[in-house]
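Source file: start_8.cif. Holds: mmCIF, C-alpha atoms.
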data_structure
#
loop_
_atom_site.label_atom_id
_atom_site.label_comp_id
_atom_site.auth_asym_id
_atom_site.auth_seq_id
_atom_site.Cartn_x
_atom_site.Cartn_y
_atom_site.Cartn_z
CA MET V 1 158.44 246.46 59.81
CA ASP V 2 156.15 246.72 62.82
CA HIS V 3 156.77 244.99 66.11
CA SER V 4 154.72 241.88 65.45
CA ARG V 5 156.18 241.37 61.95
CA TYR V 6 159.65 241.69 63.39
CA PHE V 7 158.75 239.27 66.12
CA GLU V 8 157.41 236.76 63.62
CA SER V 9 160.57 236.87 61.58
CA ALA V 10 162.59 236.38 64.77
CA LEU V 11 160.68 233.20 65.66
CA TRP V 12 160.49 231.26 62.37
CA PRO V 13 164.19 230.36 62.25
CA HIS V 14 163.69 228.44 65.50
CA LEU V 15 160.93 226.19 64.18
CA ARG V 16 163.52 223.48 63.67
CA GLY V 17 164.84 223.59 67.24
CA ALA V 18 161.31 223.88 68.60
CA TYR V 19 160.29 220.69 66.81
CA ASN V 20 163.40 218.80 67.89
CA LEU V 21 162.93 219.72 71.57
CA ALA V 22 159.21 218.91 71.44
CA ARG V 23 159.90 215.57 69.76
CA TRP V 24 162.47 214.59 72.39
CA LEU V 25 160.07 215.53 75.17
CA VAL V 26 156.79 214.03 73.98
CA GLY V 27 158.21 211.01 72.20
CA ASN V 28 156.19 210.87 68.98
CA ARG V 29 155.68 212.88 65.82
CA GLU V 30 151.99 213.76 66.09
CA ASP V 31 152.21 215.12 69.62
CA ALA V 32 155.39 217.02 68.75
CA GLU V 33 153.64 218.70 65.81
CA ASP V 34 150.71 219.60 68.05
CA VAL V 35 153.06 221.07 70.63
CA VAL V 36 154.88 223.19 68.05
CA GLN V 37 151.63 224.46 66.53
CA GLU V 38 150.24 225.39 69.92
CA SER V 39 153.52 227.00 71.03
CA PHE V 40 153.81 229.24 67.99
CA THR V 41 150.20 230.28 68.31
CA LYS V 42 150.77 231.12 71.98
CA ALA V 43 153.96 232.97 71.15
CA PHE V 44 152.24 235.07 68.47
CA GLN V 45 149.40 235.87 70.84
CA ALA V 46 151.85 236.92 73.55
CA VAL V 47 153.86 239.21 71.29
CA ASP V 48 153.15 242.16 73.56
CA GLN V 49 154.79 240.42 76.49
CA PHE V 50 158.02 239.91 74.60
CA ARG V 51 160.42 242.64 75.62
CA GLY V 52 163.17 241.92 73.19
CA GLY V 53 166.12 239.73 74.07
CA ASP V 54 166.51 236.08 73.31
CA ALA V 55 163.60 235.06 71.07
CA ARG V 56 164.84 231.49 70.84
CA ALA V 57 165.01 230.92 74.60
CA TRP V 58 161.60 232.53 74.91
CA LEU V 59 160.07 230.26 72.27
CA LEU V 60 161.74 227.12 73.63
CA THR V 61 160.38 227.94 77.09
CA ILE V 62 156.86 227.96 75.67
CA VAL V 63 157.54 224.74 73.75
CA ARG V 64 158.78 223.01 76.87
CA ASN V 65 155.84 224.12 79.03
CA THR V 66 153.36 223.09 76.35
CA ALA V 67 155.06 219.70 75.99
CA LEU V 68 155.10 219.09 79.75
CA ASN V 69 151.41 219.99 79.96
CA LEU V 70 150.65 217.44 77.30
CA ILE V 71 152.74 214.75 78.97
CA ARG V 72 150.94 215.34 82.27
CA ARG V 73 147.51 214.99 80.66
CA ARG V 74 148.09 211.74 78.84
CA PRO V 75 148.96 208.21 79.91
CA LYS V 76 152.65 207.45 79.98
CA LEU V 77 153.92 206.37 76.59
CA GLU V 78 157.06 204.72 75.47
CA MET V 79 159.34 207.07 73.59
CA GLU V 80 159.44 206.11 69.93
CA TRP V 81 163.08 206.90 69.74
CA ASN V 82 164.18 205.08 66.64
CA GLU V 83 161.06 205.06 64.53
CA ASN V 84 161.89 207.01 61.38
CA MET V 85 164.78 208.68 63.10
CA PRO V 86 166.40 210.56 60.26
CA GLU V 87 169.88 209.51 59.29
CA PRO V 88 172.47 212.28 59.12
CA ALA V 89 172.50 213.39 55.49
CA ASP V 90 176.17 214.23 55.24
CA ARG V 91 177.40 210.69 55.87
CA SER V 92 177.62 208.04 53.17
CA PRO V 93 179.95 205.29 54.38
CA GLY V 94 180.45 202.10 52.44
CA PRO V 95 177.88 199.36 52.97
CA GLU V 96 180.23 197.27 55.14
CA LEU V 97 180.55 200.10 57.63
CA GLU V 98 176.92 201.13 57.46
CA LEU V 99 175.53 198.36 59.68
CA VAL V 100 178.12 198.92 62.38
CA GLN V 101 177.57 202.65 62.38
CA GLN V 102 173.82 202.26 62.35
CA SER V 103 173.83 200.11 65.45
CA ARG V 104 176.21 202.51 67.14
CA ARG V 105 173.97 205.48 66.38
CA ASN V 106 170.92 203.61 67.64
CA ARG V 107 172.72 202.79 70.87
CA VAL V 108 173.39 206.48 71.51
CA ARG V 109 169.89 207.61 70.57
CA SER V 110 168.19 205.03 72.71
CA ALA V 111 170.46 205.90 75.64
CA ILE V 112 169.44 209.56 75.31
CA ALA V 113 165.79 208.58 75.02
CA ARG V 114 166.01 206.61 78.25
CA LEU V 115 167.48 209.51 80.25
CA PRO V 116 165.08 210.95 82.82
CA GLN V 117 163.36 213.98 81.35
CA GLU V 118 165.20 216.66 83.36
CA PHE V 119 168.57 215.33 82.20
CA ARG V 120 167.42 214.62 78.65
CA GLU V 121 166.13 218.15 78.05
CA ALA V 122 169.29 219.76 79.40
CA LEU V 123 171.45 217.53 77.21
CA ILE V 124 169.40 218.15 74.05
CA LEU V 125 169.47 221.92 74.58
CA ARG V 126 173.23 221.85 75.05
CA GLU V 127 174.44 219.23 72.58
CA ILE V 128 171.94 219.52 69.74
CA GLU V 129 170.62 223.05 70.06
CA GLY V 130 173.93 224.47 71.27
CA LEU V 131 172.44 226.74 73.93
CA ALA V 132 174.69 228.40 76.51
CA TYR V 133 174.17 227.53 80.19
CA LYS V 134 172.47 230.87 80.76
CA GLU V 135 169.96 230.19 77.99
CA ILE V 136 169.31 226.65 79.21
CA ALA V 137 168.71 228.06 82.69
CA ALA V 138 166.12 230.46 81.26
CA VAL V 139 164.30 227.75 79.28
CA LEU V 140 164.18 225.32 82.19
CA SER V 141 163.63 228.02 84.87
CA ILE V 142 166.49 226.75 87.00
CA PRO V 143 169.73 228.37 88.25
CA THR V 144 172.85 228.03 86.09
CA GLY V 145 174.45 225.89 88.79
CA THR V 146 171.64 223.38 88.40
CA VAL V 147 172.18 223.36 84.63
CA MET V 148 175.79 222.43 85.31
CA SER V 149 174.90 219.57 87.63
CA ARG V 150 172.11 218.22 85.41
CA LEU V 151 174.35 218.19 82.37
CA SER V 152 177.07 216.47 84.28
CA ARG V 153 174.63 213.87 85.56
CA ALA V 154 173.21 213.36 82.05
CA ARG V 155 176.66 212.82 80.62
CA ASN V 156 177.73 210.44 83.35
CA LEU V 157 174.57 208.38 82.84
CA LEU V 158 175.28 208.21 79.11
CA LEU V 159 178.91 207.29 79.70
CA GLN V 160 177.86 204.50 82.07
CA GLU V 161 175.44 203.23 79.49
CA LEU V 162 177.72 203.51 76.49
CA LYS V 163 181.00 202.70 78.25
CA PRO V 164 183.78 203.63 75.87
CA GLU V 165 185.94 200.63 75.13
CA LYS V 166 189.31 200.77 76.82
CA GLY V 167 191.64 202.83 74.72
CA GLU V 168 188.83 204.27 72.64
CA CYS V 169 189.21 207.72 74.15
CA GLN V 170 192.91 207.85 74.74
CA MET A 1 192.91 222.81 92.74
CA THR A 2 192.25 219.26 93.90
CA CYS A 3 190.44 216.53 91.94
CA LEU A 4 187.49 216.95 94.31
CA GLU A 5 187.19 220.64 93.39
CA VAL A 6 187.77 220.05 89.70
CA ASP A 7 185.29 217.22 89.24
CA PRO A 8 182.03 219.22 89.45
CA LEU A 9 183.47 221.93 87.17
CA LEU A 10 184.89 219.62 84.53
CA GLY A 11 181.74 219.66 82.39
CA ALA A 12 181.52 223.45 82.49
CA SER A 13 185.17 223.67 81.57
CA PHE A 14 184.53 221.31 78.66
CA ASP A 15 181.63 223.57 77.58
CA ASN A 16 183.74 226.75 77.88
CA GLU A 17 181.36 228.10 80.46
CA LEU A 18 183.87 229.05 83.16
CA ASP A 19 185.37 232.42 83.89
CA LEU A 20 188.94 232.79 82.71
CA ARG A 21 190.58 232.36 86.11
CA THR A 22 188.78 229.12 86.97
CA ALA A 23 189.30 227.83 83.45
CA LEU A 24 193.06 228.36 83.74
CA ALA A 25 193.18 226.71 87.16
CA ILE A 26 191.45 223.65 85.75
CA GLU A 27 193.73 223.51 82.76
CA GLN A 28 196.68 223.58 85.10
CA HIS A 29 195.23 220.74 87.14
CA LEU A 30 194.56 218.67 84.04
CA SER A 31 198.15 219.02 82.89
CA SER A 32 199.25 217.11 85.96
CA CYS A 33 196.32 214.76 86.73
CA ASP A 34 195.80 211.61 84.68
CA SER A 35 192.44 210.61 86.09
CA CYS A 36 190.79 214.01 85.53
CA THR A 37 192.32 214.12 82.04
CA ALA A 38 190.83 210.71 81.34
CA GLN A 39 187.41 211.95 82.40
CA PHE A 40 187.80 215.02 80.20
CA LYS A 41 188.61 212.75 77.26
CA ARG A 42 185.55 210.66 78.01
CA LEU A 43 183.47 213.83 77.66
CA GLU A 44 185.08 214.52 74.30
CA TRP A 45 184.43 210.96 73.22
CA LEU A 46 180.79 211.23 74.26
CA ARG A 47 180.27 214.43 72.32
CA GLU A 48 181.68 212.80 69.20
CA GLU A 49 179.36 209.84 69.65
CA ILE A 50 176.36 212.15 70.04
CA VAL A 51 177.30 214.18 66.97
CA ALA A 52 177.76 210.96 64.97
CA ALA A 53 174.37 209.70 66.12
CA GLY A 54 172.79 212.88 64.76
CA PRO A 55 169.89 212.87 67.21
CA ASP A 56 168.06 215.76 65.56
CA TRP A 57 164.45 214.84 64.88
CA SER A 58 163.81 217.86 62.71
CA ALA A 59 165.94 216.35 59.92
CA GLY A 60 163.15 213.90 59.12
CA ALA A 61 160.24 216.27 59.72
CA ASP A 62 158.46 218.22 57.04
CA LEU A 63 158.92 221.66 58.55
CA LYS A 64 157.36 223.44 55.56
CA VAL A 65 154.06 221.64 56.11
CA LEU A 66 154.31 222.26 59.84
CA ARG A 67 154.99 225.93 59.29
CA ALA A 68 152.05 226.22 56.91
CA SER A 69 149.79 224.66 59.53
CA ILE A 70 150.58 227.34 62.07
CA GLN A 71 148.06 230.16 62.13
CA ARG A 72 149.80 233.44 61.67
CA PRO A 73 148.75 236.42 63.71
CA ASN A 74 145.89 237.88 61.75
CA LYS A 75 144.31 241.24 62.34
CA THR A 76 140.87 240.14 61.07
CA SER A 77 140.77 236.87 62.95
CA TRP A 78 137.97 238.07 65.22
CA MET A 79 135.47 237.63 62.39
CA PRO A 80 135.27 233.82 62.31
CA ALA A 81 135.56 233.77 66.09
CA LEU A 82 132.54 236.04 66.34
CA ALA A 83 130.59 233.88 63.91
CA ALA A 84 131.48 230.86 66.00
CA VAL A 85 130.23 232.50 69.17
CA ALA A 86 126.98 233.35 67.40
CA ALA A 87 126.66 229.75 66.22
CA ALA A 88 127.32 228.47 69.73
CA LEU A 89 124.65 230.79 71.14
CA LEU A 90 122.20 229.59 68.53
CA VAL A 91 122.84 225.95 69.37
CA GLY A 92 122.58 226.81 73.05
CA MET A 93 119.09 228.18 72.52
CA PHE A 94 117.86 224.80 71.35
CA LEU A 95 119.33 222.80 74.15
CA PRO A 96 117.39 223.75 77.30
CA SER A 97 114.20 222.35 75.77
CA ALA A 98 115.94 219.04 75.25
CA LEU A 99 116.89 218.96 78.90
CA THR A 100 113.29 219.08 80.06
CA ARG A 101 112.26 216.14 77.92
CA GLY A 102 112.64 213.52 80.63
CA GLY A 103 114.64 210.34 80.37
CA ASN A 104 118.34 210.75 80.72
CA GLY A 105 118.69 214.43 79.80
CA MET A 106 122.31 214.28 78.77
CA GLU A 107 122.06 211.28 76.45
CA ARG A 108 118.83 212.58 74.92
CA GLN A 109 120.45 215.92 74.30
CA LEU A 110 123.45 214.35 72.62
CA VAL A 111 121.40 212.13 70.33
CA ASP A 112 119.25 215.13 69.37
CA SER A 113 122.37 217.11 68.69
CA HIS A 114 123.73 214.25 66.61
CA VAL A 115 120.56 214.01 64.53
CA ARG A 116 120.42 217.77 64.10
CA SER A 117 123.99 217.83 62.87
CA LEU A 118 123.04 215.29 60.20
CA MET A 119 119.93 217.01 58.90
CA ALA A 120 120.57 220.70 59.35
CA ASN A 121 123.48 220.64 56.93
CA HIS A 122 125.58 221.91 59.76
CA LEU A 123 127.77 218.94 60.37
CA VAL A 124 131.00 220.90 60.46
CA ASP A 125 132.17 224.50 60.72
CA VAL A 126 135.58 223.54 59.50
CA PRO A 127 135.40 220.79 56.90
CA SER A 128 138.77 219.14 56.59
CA SER A 129 140.33 215.72 56.83
CA ASP A 130 143.58 217.40 57.85
CA ARG A 131 144.09 217.40 61.60
CA HIS A 132 146.42 220.37 61.19
CA THR A 133 143.50 222.41 59.91
CA VAL A 134 140.90 221.23 62.39
CA LYS A 135 142.88 221.41 65.63
CA PRO A 136 144.16 224.98 65.29
CA TRP A 137 140.68 226.07 64.27
CA PHE A 138 139.48 225.35 67.80
CA GLN A 139 142.25 227.38 69.34
CA GLY A 140 141.03 230.57 70.91
CA LYS A 141 137.42 229.50 70.52
CA LEU A 142 137.47 227.17 73.49
CA GLY A 143 139.23 227.33 76.82
CA PHE A 144 141.01 224.08 76.00
CA SER A 145 142.65 222.46 73.03
CA PRO A 146 141.00 219.18 72.02
CA SER A 147 143.14 216.47 70.55
CA VAL A 148 142.27 215.81 66.90
CA PRO A 149 144.14 212.68 65.86
CA ASP A 150 144.19 211.21 62.39
CA LEU A 151 142.46 207.84 62.80
CA ALA A 152 142.25 206.93 59.11
CA ALA A 153 144.55 203.97 59.69
CA ASP A 154 141.89 202.51 61.99
CA GLY A 155 139.12 203.18 59.49
CA PHE A 156 137.78 206.39 61.02
CA VAL A 157 138.09 209.27 58.59
CA LEU A 158 138.22 212.81 59.93
CA ILE A 159 135.48 214.98 58.40
CA GLY A 160 135.93 218.20 60.35
CA GLY A 161 134.95 220.03 63.49
CA ARG A 162 132.41 222.49 64.79
CA LEU A 163 131.63 224.37 67.96
CA ASP A 164 128.76 223.09 70.05
CA VAL A 165 127.35 223.32 73.54
CA VAL A 166 126.96 220.35 75.87
CA ALA A 167 125.33 220.75 79.27
CA SER A 168 125.56 224.53 78.91
CA ARG A 169 129.28 224.40 78.34
CA PRO A 170 131.14 225.08 75.13
CA ALA A 171 132.28 221.87 73.54
CA ALA A 172 134.34 220.81 70.58
CA ALA A 173 132.47 218.53 68.22
CA ILE A 174 134.83 216.50 66.08
CA VAL A 175 133.28 214.52 63.28
CA TYR A 176 134.58 211.23 61.94
CA LYS A 177 133.09 208.80 59.48
CA ARG A 178 133.25 205.04 59.36
CA GLN A 179 132.14 204.19 55.84
CA ASN A 180 128.82 206.05 55.64
CA HIS A 181 128.22 206.32 59.36
CA VAL A 182 128.86 209.65 61.01
CA ILE A 183 130.42 209.66 64.46
CA ASN A 184 130.06 212.85 66.47
CA LEU A 185 132.62 213.17 69.23
CA TRP A 186 132.03 215.92 71.79
CA ILE A 187 134.77 217.04 74.10
CA SER A 188 134.12 219.43 76.91
CA GLU A 189 135.68 220.56 80.14
CA THR A 190 133.05 219.20 82.47
CA PRO A 191 133.69 218.40 86.10
CA ALA A 192 133.29 214.72 86.92
CA GLY A 193 129.61 214.33 87.76
CA ILE A 194 127.31 211.55 88.81
CA ARG A 195 128.35 208.23 87.36
CA GLN A 196 126.18 207.44 84.40
CA PRO A 197 126.10 204.32 82.30
CA GLU A 198 129.05 204.17 79.98
CA LEU A 199 127.00 203.05 76.99
CA THR A 200 123.42 204.07 76.30
CA ASP A 201 121.15 203.13 73.42
CA LEU A 202 118.61 205.67 72.29
CA ASP A 203 116.51 205.75 69.10
CA GLY A 204 118.89 203.39 67.39
CA TYR A 205 121.95 205.44 68.28
CA HIS A 206 124.67 204.55 70.73
CA VAL A 207 126.07 207.05 73.17
CA LEU A 208 129.44 206.16 74.62
CA ARG A 209 130.91 208.33 77.34
CA TRP A 210 134.26 208.42 79.01
CA ARG A 211 136.62 210.77 80.72
CA TYR A 212 140.08 211.46 79.46
CA GLY A 213 142.68 213.78 80.91
CA GLY A 214 140.18 215.93 82.80
CA MET A 215 137.89 216.13 79.76
CA ALA A 216 134.49 214.61 79.27
CA CYS A 217 134.07 212.80 75.96
CA TRP A 218 130.88 211.57 74.32
CA ALA A 219 130.71 209.68 71.08
CA VAL A 220 127.37 209.26 69.33
CA SER A 221 126.74 207.23 66.21
CA ASP A 222 124.65 204.56 64.58
CA VAL A 223 127.65 202.29 64.09
CA ASN A 224 127.35 199.21 66.31
CA ALA A 225 128.46 199.35 69.92
CA ALA A 226 131.60 197.32 69.33
CA GLU A 227 132.71 199.70 66.58
CA LEU A 228 132.01 202.67 68.81
CA ARG A 229 134.21 201.14 71.50
CA GLU A 230 136.82 200.54 68.84
CA PHE A 231 136.58 204.22 67.98
CA LYS A 232 137.10 205.20 71.60
CA ALA A 233 140.13 202.92 71.88
CA SER A 234 141.54 204.31 68.64
CA TYR A 235 140.99 207.90 69.77
CA GLN A 236 142.56 207.32 73.16
CA SER A 237 145.60 205.58 71.80
CA ARG A 238 146.69 208.71 69.94
#

Now that the file is in, can you turn its structure into structure tokens?
Amino acid sequence: MDHSRYFESALWPHLRGAYNLARWLVGNREDAEDVVQESFTKAFQAVDQFRGGDARAWLLTIVRNTALNLIRRRPKLEMEWNENMPEPADRSPGPELELVQQSRRNRVRSAIARLPQEFREALILREIEGLAYKEIAAVLSIPTGTVMSRLSRARNLLLQELKPEKGECQ
Amino acid sequence: MTCLEVDPLLGASFDNELDLRTALAIEQHLSSCDSCTAQFKRLEWLREEIVAAGPDWSAGADLKVLRASIQRPNKTSWMPALAAVAAALLVGMFLPSALTRGGNGMERQLVDSHVRSLMANHLVDVPSSDRHTVKPWFQGKLGFSPSVPDLAADGFVLIGGRLDVVASRPAAAIVYKRQNHVINLWISETPAGIRQPELTDLDGYHVLRWRYGGMACWAVSDVNAAELREFKASYQSR
């Protein structure tokens, strides 16, 4: 397997994460698909600049830059946070619980969607994509200490918004 | 450690991102501090809520289609690019004569280009109603990436795209149809110039121009002016 084939096979598994990050940043499906397409094309073209290491962080960095470029160019849009938001597949509660859980899930998603971008991206990379602080720092081009403070700010904003009922987290 | 020292590190401790010594010091503090323990539990509660909300957009996306739409690195990809450059040069050769024809050079040139695209059987280089085929086709052929939205819901069907030249600059020509009427939309990186009328009528065609995100856009068609404005609004809303 030559270098570029190897590189290709190292990138494809991260298509999922690339789409999720793009979708959380740009706020709608079409733009997210455009961002992912453009990012992979850029990544393939830049194969010579990739010196091994973390292919995922490298790809997500490109995705983020491409997404931010797009956001800068276009008028500000509302994030379509709940439109067609997929329901987790592994959960099938009874119908009586379904409505309650649905509204609870929507509350969390909309709270994440309303986070300022720099907190939202850090949170998504940590909680959904499961990146380590060092990897998040690389993707966002910030020091690890800043990752720590942004995550903590993101979580406090969410906690304020979602306010656990008394006793709920005892 | 005091609460004041622990507080900024609590998240990192929760994420297992601290070195062993600091992690142990925090654990020790937590064992004797109710308020920091409560905050730690709030973090746990939040993570459970986030996991339950399943905020992963990829679950509802068709990643197979998306993957198929991505152009793989291709060793022979210079061939179509070369053909495109040749086509652009050929179009460019026709244009200077249009510029000397008096009237408003730019509008005249665009209408001529529009008419030529209809009769020369060279409406599109990439015939496709799939935006995922048309948009990537432009990549690498132009210094910018034009937006190619699917406007079928608004009654404008994507026909394809081709390379063109407008005012001596490479431009993307994206072709839509409303019923039987062809709409040519040119997009080019042109610096903001003299203000020209937004809508011009020429030989029974309408030319609508606007700027969008640093790009100059021109739409030319024989649909009526209101429909052309509708097209612009539809294009810009995507």

**OP:** Using all atoms listed in the file, determine which residues of chain V fall within 8 Å of chain A; present them as a PyMOL selection string.
**Re:** chain V and resi 15-17+19-20+23-24+30+33+37-38+40-41+44-45+73-74+84-88+104-106+108-109+127-128+132-133+148-149+151-152+155+158-159+164+169-170

**OP:** Rounded to one decimal place, report the atom CA of Val36 of chain V-atom CA of Tyr235 of chain A distance in Å.
**Re:**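 Taking atom CA of Val36 of chain V as the start and atom CA of Tyr235 of chain A as the end point, the length is 20.7 Å.
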
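What separates atom CA of Gln117 of chain V from atom CA of Leu25 of chain V is a distance of 7.2 Å.
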
**OP:** Give me, please, the distance in Å between atom CA of Asn224 of chain A and atom CA of Gly204 of chain A, quoted to one decimal.
**Re:** 9.5 Å

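Each of A:Ile187, A:Leu20, A:Leu202, A:Leu151 was compared to Ala219 of chain A using only C-alpha atoms, and A:Ile187 turns out to be the nearest.
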
Subject >> Near-Leu24 of chain A list (10 Å; only C-alpha atoms; drop same-chain fewer than 6 positions) as a VMD selection string >> reply: chain A and resid 13 18 30

Original post:
Which residues, written as a PyMOL selection string, have at least one atom at most 8 Å from Val35 of chain V, with only C-alpha atoms counted and residues fewer than 2 positions away on the same chain left out?
Top reply: chain V and resi 22+31-33+37-39+63+66-67+70

Original post:
Which residue, V:Ile71, V:Leu11, V:Leu125, V:Leu157, has the smallest gap to Ala55 of chain V when you use only C-alpha atoms?
Top reply: V:Leu11

Original post:
Leaving out Glu189 of chain A and any residue of its chain fewer than 2 positions from it, which residues lie within 12 Å of it when counting all atoms listed in the file, given as a list of chain:residue names?
Top reply: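 Near Glu189 of chain A, the qualifying residues are A:Leu142, A:Gly143, A:Phe144, A:Ser145, A:Pro146, A:Val165, A:Val166, A:Ala167, A:Ser168, A:Arg169, A:Pro170, A:Ala171, A:Ala172, A:Trp186, A:Ile187, A:Pro191, A:Ala192, A:Gly193, A:Arg211, A:Tyr212, A:Gly213, A:Gly214, A:Met215, A:Ala216, A:Cys217, A:Trp218.
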
Original post:
Can you list, as a VMD selection string, every protein, DNA or RNA residue that comes within 7 Å of Asn184 of chain A when you count only C-alpha atoms, leaving out same-chain residues fewer than 4 positions away?
Top reply: chain A and resid 114 173 to 176 219 to 221

**OP:** Can you pull out every residue within 9 Å of Asp154 of chain A, counting only C-alpha atoms, but drop anything in the same chain fewer than 6 positions away, and send it as an MDAnalysis selection string?
**Re:** chainID A and resid 230:231 234

Original post:
From the set V:Thr61, V:Gln102, V:His14, V:Asn69, which residue has the shortest atom-to-atom contact distance to Ile142 of chain V, counting all atoms listed in the file?
Top reply: V:Thr61

**OP:** Determine the residue membership of the PyMOL selection byres ((chain A and resi 126) around 9) for the file above and supply it as a PyMOL selection string.
**Re:** chain A and resi 124-125+127-128+133-134+137+159-162

**OP:** Give me the result of the PyMOL selection byres ((chain A and resi 5) around 12) on this file, residue by residue, as a list in words.
**Re:** Met1, Thr2, Cys3, Leu4, Val6, Asp7, Pro8, Leu9, Leu10, Thr22, Ala25, Ile26, His29 and Cys36 of chain A

Could N, CA and C atoms be built for segment 210-227 of chain A and written out as an mmCIF file, in the coordinates of the input?
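Result saved to out01.cif:
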data_model
loop_
_atom_site.group_PDB
_atom_site.id
_atom_site.type_symbol
_atom_site.label_atom_id
_atom_site.label_comp_id
_atom_site.auth_asym_id
_atom_site.auth_seq_id
_atom_site.Cartn_x
_atom_site.Cartn_y
_atom_site.Cartn_z
ATOM 1 N N TRP A 210 133.084 208.723 78.206
ATOM 2 C CA TRP A 210 134.260 208.420 79.010
ATOM 3 C C TRP A 210 134.950 209.707 79.391
ATOM 4 N N ARG A 211 135.854 209.588 80.345
ATOM 5 C CA ARG A 211 136.620 210.770 80.720
ATOM 6 C C ARG A 211 138.071 210.549 80.346
ATOM 7 N N TYR A 212 138.726 211.611 79.965
ATOM 8 C CA TYR A 212 140.080 211.460 79.460
ATOM 9 C C TYR A 212 140.841 212.736 79.751
ATOM 10 N N GLY A 213 141.834 212.623 80.597
ATOM 11 C CA GLY A 213 142.680 213.780 80.910
ATOM 12 C C GLY A 213 141.884 214.992 81.362
ATOM 13 N N GLY A 214 140.932 214.796 82.273
ATOM 14 C CA GLY A 214 140.180 215.930 82.800
ATOM 15 C C GLY A 214 139.075 216.398 81.865
ATOM 16 N N MET A 215 138.911 215.746 80.730
ATOM 17 C CA MET A 215 137.890 216.130 79.760
ATOM 18 C C MET A 215 136.784 215.068 79.739
ATOM 19 N N ALA A 216 135.577 215.551 79.471
ATOM 20 C CA ALA A 216 134.490 214.610 79.270
ATOM 21 C C ALA A 216 134.343 214.379 77.773
ATOM 22 N N CYS A 217 134.213 213.135 77.372
ATOM 23 C CA CYS A 217 134.070 212.800 75.960
ATOM 24 C C CYS A 217 132.783 212.013 75.763
ATOM 25 N N TRP A 218 132.062 212.338 74.704
ATOM 26 C CA TRP A 218 130.880 211.570 74.320
ATOM 27 C C TRP A 218 130.973 211.285 72.836
ATOM 28 N N ALA A 219 130.769 210.030 72.492
ATOM 29 C CA ALA A 219 130.710 209.680 71.080
ATOM 30 C C ALA A 219 129.309 209.173 70.779
ATOM 31 N N VAL A 220 128.713 209.684 69.715
ATOM 32 C CA VAL A 220 127.370 209.260 69.330
ATOM 33 C C VAL A 220 127.395 208.838 67.872
ATOM 34 N N SER A 221 126.793 207.686 67.590
ATOM 35 C CA SER A 221 126.740 207.230 66.210
ATOM 36 C C SER A 221 125.762 206.078 66.063
ATOM 37 N N ASP A 222 125.467 205.749 64.813
ATOM 38 C CA ASP A 222 124.650 204.560 64.580
ATOM 39 C C ASP A 222 125.510 203.367 64.177
ATOM 40 N N VAL A 223 126.823 203.497 64.255
ATOM 41 C CA VAL A 223 127.650 202.290 64.090
ATOM 42 C C VAL A 223 127.353 201.386 65.283
ATOM 43 N N ASN A 224 127.688 200.084 65.184
ATOM 44 C CA ASN A 224 127.350 199.210 66.310
ATOM 45 C C ASN A 224 128.238 199.493 67.522
ATOM 46 N N ALA A 225 127.797 198.993 68.656
ATOM 47 C CA ALA A 225 128.460 199.350 69.920
ATOM 48 C C ALA A 225 129.930 198.952 69.922
ATOM 49 N N ALA A 226 130.207 197.784 69.333
ATOM 50 C CA ALA A 226 131.600 197.320 69.330
ATOM 51 C C ALA A 226 132.470 198.293 68.527
ATOM 52 N N GLU A 227 131.935 198.766 67.403
ATOM 53 C CA GLU A 227 132.710 199.700 66.580
ATOM 54 C C GLU A 227 132.911 201.031 67.299
#
